[in-house]
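**Student:** Here it is, the structure in full.
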Amino acid sequence: MKLILLFTATFLWLASCESITTPAQSNVAEPTTEPSKIPNQQLHDLAAYDSTSTTGTNTTSAFNSTLYSNSPPTSNCEVVDINGYLHEQCGVTLKCPWSDQFYHLNYYEDQDACIFFEVTNRCQNDPGIYQACGHDMCSGSRELNGTTLLCGTYFCDTEGGSHIENALRCYPDIQCEGDLNMADCDNIYCNGHCDTWDCHDESNCNSVQYGVNCTRNQHPAWVSPRYMCDGSRHCEDGEDEALCTNCSTLRDHTACFGSYSERQCIKIFQSMRCFPPASLFLLDRICANGQDQTNCSDPDRVVMQCLLQGYPTNISTWGYCKYGFDQLCDDNYNNECIKPELGCKIHKGQICDGHVDCKTGIDEICTSDTTINCVRRFQSEHHVEKNISRPIPLEWVMDGKSDCIDETDEDESRWKKCGSDNFTYYEDPNSGCEPVLLCPLEKKFIRPAELCDKIPTCHFEINLCTSVIDLGMGEEINNTALNYNGLRILPPCELINSEGNQLDNCTIKYHTAGFVPTVLELHLETTRIRVPNKNISCKNLFGEDYVYAACSNICKEAAAKCPLIDVPGDTCITRANSVRALTLNNTLTTLLKIETGEGDKYDQQIFPCSNKKCVLYNQVCDLKDDCGDGSDEKDCVNNFKCNSSDTYLGLTQVCNGVVSCSDYSDECQPECPPNHFDIFENNHLRIGSYIVGTISTVLNTVSLVRSGSRLSEKKTFEMFLNQLGVMLINFGDLCLGLYLIAVSYFDYAHQQSKDYCQKRYEWYTSTECSFLGVLSTTGSQLSLFAMAMLAISRVTTVGRIVLKDCRSYKSILKIGIFAGGPILASMLVALTPILPNFEDYFVNGLYYEKSPLFLGTVNRSSHIAAFEAYFGQNSSLGKDSSWKQIRLKVAEMFSKGGPNTKGMRGETVHFYGNAGVCIFKYLVRKDDPQWIFSTAVLTMNCLCFLFIAISYILIGYRTSRSGKDSGRYSGNDRELQTKIFAIIVTDFFCWIPLGFVAFLHLAEVIDATSWYPYFSILILPINSVINPFLYESNFYMGLARSAISLLVGVLRKIWVICSTLQTTAATPAPEEVEITETAL
């Protein structure tokens, strides 16, 4: 009766499969004409399913006669999915591949309650035995060495036909077919698999006897442990049922309920323990709860130790959660299992144990191993050597479960305790404590190394990271391929005009569900695409549009190769809707099943990943690692991969001034602007800064010393004020000179360390940068305010007869106001932006060191977006929130690293940290919080110059009208006034260009952000060199005349010496006179 019911149910299951469109009903779409770059092997393999695919064109077709050459005996044929393999079913018969044969399937159940399939006849021309694929109702198969079988199944001949075997079972009297090497039967003993029909090959292992040896029908027999104490006598003397009646209670771990019947009580003998099941079916087990897989005598079959009902025991290789048993250990450690990927369920002790258990190898990707080793409680059956010490994963530390035999992972004294308040966590003793992101609902946390790694540890992690970091396609590159009335348009094509006229530079082409011929009718309709007639750039194409352009050979980039490759049959191991089909060269390929209202349909619009996963075409080259191993983004020309993470960016996100990689690699590429690598972007600015700074410092120091020595000579109040004003101007210019020397030094230091690009935000937030900003601002404002005070002094005293004594108390008070006013006003302007009480008006953002979530300068809006993703409606902060409130909210998200740490605290990117040169932020936009202050200061400076100009015009007018100056002032004083006027003019022409550019930048007419270095070196400081030279012109002219005179004297002496030497060389030597005796 059981067999009849089983046959009926299976037949109804096959008959209920949805049909698809037959060849007579299929509509073949208009093929495209562009050449294809698809691998030839893939075209060859899939041509079996497409009668129109001889040229490799893209088309849609039904499951056609190329594969099934002759007409079936009935028109009611359909392609059905049988356990993940496609077969053609015609009524109650199945059709053979590559031939016109048909066959029936019979079903029967063996004594292990396993369903076997038997075919009435074998298919011809089927070397890989695809006929048997999908008919594997029994589990327990294993890989065969050197076999060419497509599905690991083969046929063994019987009287009724050929039955399908899915596991290597050795039959001494039966002929089996399918490249089966029967020599393997010599190596089947004690390998943990049932390789014979009765599993006798596992009956005696490591001197442990399993089952019962007895006689049956007067012949030696062996009874499997599965049939002991089952209520039926399998031995003549009933030895297999002896002593089985003492099962009085199930509280004792020596008895259990049988798997065949819940009422059956089975006494568990030692010869029954830890025997391998024939399959994973429940009926193949001795005990329904797996209790027979405890207390093993064979150490090779033990994977873990634990307590069972308070008694020490062990668990066999078939007793943990991989095989679906109930709780066996008191602490349920046998069920501590995880699923690293679809279809792979392993014990947590198999993570990073040196053996690959999942097909993709994801279980051996170890990123959190600690420096402490231990012998694990779980010892995999794949390890020949047991009790090997291995690193302890950080996730195991103090998690409440003892994963080490010596409980090292739960020994608090071995680990560094981090955190504070009500939350603590543990780290490797050789590492530091870093703030971790808290997951309140899951009661977990995320370490910095795991944050924003695209693997969601907490439910909000993906939304949180994408709210702050642009991890995928940015808004400006998300829709590069436009759609208009169902027509996809690739750039540089334009939209169709209102009359629907086609543009000259584009043409309409068709493409259907990707770019490979498919096995069955496509579930997608034919798509019209407007494509340029000339080659285009593929750098801004993504997904299916990129694949279409690259495989159609219309990309300008030579490196833009077609990413499609052959789709092997072992692909898509993680997709539940994948099926297998046969190709022309007798290999398997993978298709995807799409459920529609008209039945199941299949296509091959998939990309096979290197790790055996698969993704759709729209997931290829889309800036996301959809495969998990990066193979879908590997050979794409439209992306940039961060150096230390698996983040892919669009090319427009590289060198755009916005940090998107946690290692800053997207902004540290050779093609990025030079100011990303050094404070000064070129050597001209660097050399200019040293020269201008040195000259300014020397000249203004000399001027200050000389002016100070002459200050006591000024007897009148007016002359004293003039001299003091010049000294204030010199001091302001000296500050600018010192600023240039200092910023040049820091530029040199960063240049030597070659780390400025990665650490420039640390420079922006440093005390040194703030000091330089205050120094330069104080110097420039002091010069300006000193000139304004000189103008006031001159306007109020010119034309007046009475000269005041500068030594009176009233004069001293006025002098103090005259000198102290500009200094205090300058320092007020310079220090106000960096005062903590005013940070809400001046701070653009915060910088978090070594945070993968908050990168670069994080402004208010990014913080608010992060709070909304983390807290939801409870964030309670808006766009006008103070930085103090933002810091407190961030502190709620993260735990402190330790009692003496500050936790996740953002450093202020202060007012002067807007650029590497650290000067006053004159160039602002209306979305900058400090734009009002900067605009007010710049406006004040312009008004000051306007006042100064008007004042000196008025001074000149009064002087020319009075005619009394010659009697009141000496010639030196008039010369001093002339020099002051020249100084004011030079300063005026230094500030005018800056003010003009700043207002154009504010109005967004130009973007002058990159001009800061030029203003800091060439515009503002240049007057600091000119001013002292103008004031001390007589001194420097005297030095110049002396130097010239000295040089002329030296040159004259050199000329004389040279002339003398030349004359001496030109005079002939006297002739020698011969003296003879006659002469004497």
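Ordered as shown in the structure tokens, chains take letters A, B, and onward, while each chain numbers its residues from 1 and ligands are numbered from 1 in the order shown.
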To test your reading of the structure, identify every residue in range 805-1002 of chain A that backbone DSSP assigns to alpha helix (DSSP H), and report it as a ChimeraX atom specification.
**Tutor:** /A:809-831,839-842,860-871,883-893,931-962,965-968,971-1002
**Student:** Applying 9 Å and only C-alpha atoms, which residues near Glu839 in chain A remain after dropping the ones on its own chain fewer than 2 positions away? List them as a list in words.
**Tutor:**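 Listing them by chain and then by number gives Pro833, Ile834, Leu835, Pro836, Asn837, Tyr841, Phe842, Val843, Asn844, Ser882, Trp883, Thr908, His910 and Phe911 of chain A.
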**Student:** Between A:Trp991, A:Tyr227, A:Phe378, A:Phe257, which has the minimum distance to Arg301 in chain A (counting only C-alpha atoms)?
**Tutor:** A:Phe378
**Student:** Give me the residues near Asn204 in chain A as a list in words, where near means some atom within 9 Å (using only C-alpha atoms) and where sequence neighbours in that chain fewer than 6 positions away do not count.
**Tutor:**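 Non-adjacent residues within range: Tyr189, Cys190, Tyr210 and Gly211 of chain A.
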**Student:** With a distance cut-off of 6 Å and only C-alpha atoms, select the neighbouring residues of range 230-242 of chain A, excluding the residue or stretch itself and same-chain residues fewer than 6 positions from it, and output the selection as a compact mmCIF listing (two decimals) with N, CA and C atoms, in the first residue's frame.
**Tutor:**
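Written output follows (selection_36.txt):
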```txt
# COMPACT_ATOMS: atom_id res chain seq x y z
N CYS A 214 25.09 -12.93 12.90
CA CYS A 214 24.28 -14.10 13.27
C CYS A 214 24.05 -14.96 12.03
N THR A 215 23.10 -15.87 12.10
CA THR A 215 22.75 -16.71 10.96
C THR A 215 21.31 -16.45 10.58
N ARG A 216 21.08 -16.54 9.27
CA ARG A 216 19.73 -16.38 8.74
C ARG A 216 19.61 -17.33 7.56
```
**Student:** Per residue of range 599-643 of chain A within 12 Å of range 546-560 of chain A, record the nearest atom pair and its distance in Å to one decimal, counting only C-alpha atoms, with rows in chain order and ascending residue number, as a tab-separated table.
**Tutor:**
```
residue	atom	partner	partner_atom	distance
A:Gln605	CA	A:Val547	CA	11.0
A:Ile606	CA	A:Val547	CA	11.3
A:Phe607	CA	A:Val547	CA	10.3
A:Leu616	CA	A:Val547	CA	10.8
A:Tyr617	CA	A:Val547	CA	7.1
A:Asn618	CA	A:Val547	CA	8.2
A:Gln619	CA	A:Val547	CA	9.8
A:Val620	CA	A:Val547	CA	7.3
A:Cys621	CA	A:Tyr546	CA	7.0
A:Asp622	CA	A:Tyr546	CA	8.5
A:Leu623	CA	A:Tyr546	CA	11.4
A:Asp632	CA	A:Val547	CA	10.9
A:Glu633	CA	A:Tyr546	CA	11.3
A:Lys634	CA	A:Ala560	CA	11.2
A:Asp635	CA	A:Ala560	CA	7.6
A:Cys636	CA	A:Ala560	CA	6.5
A:Val637	CA	A:Ala560	CA	5.8
A:Asn638	CA	A:Tyr546	CA	8.6
A:Asn639	CA	A:Tyr546	CA	11.4
```
**Student:** Using only C-alpha atoms, which residues sit within 10 Å of range 818-832 of chain A once same-chain residues fewer than 5 positions away are excluded, as a PyMOL selection string?
**Tutor:** chain A and resi 721+724-725+727-728+732+770-771+773-790+792-793+812-813+837-839+842+911-912+919-920+933-934+937
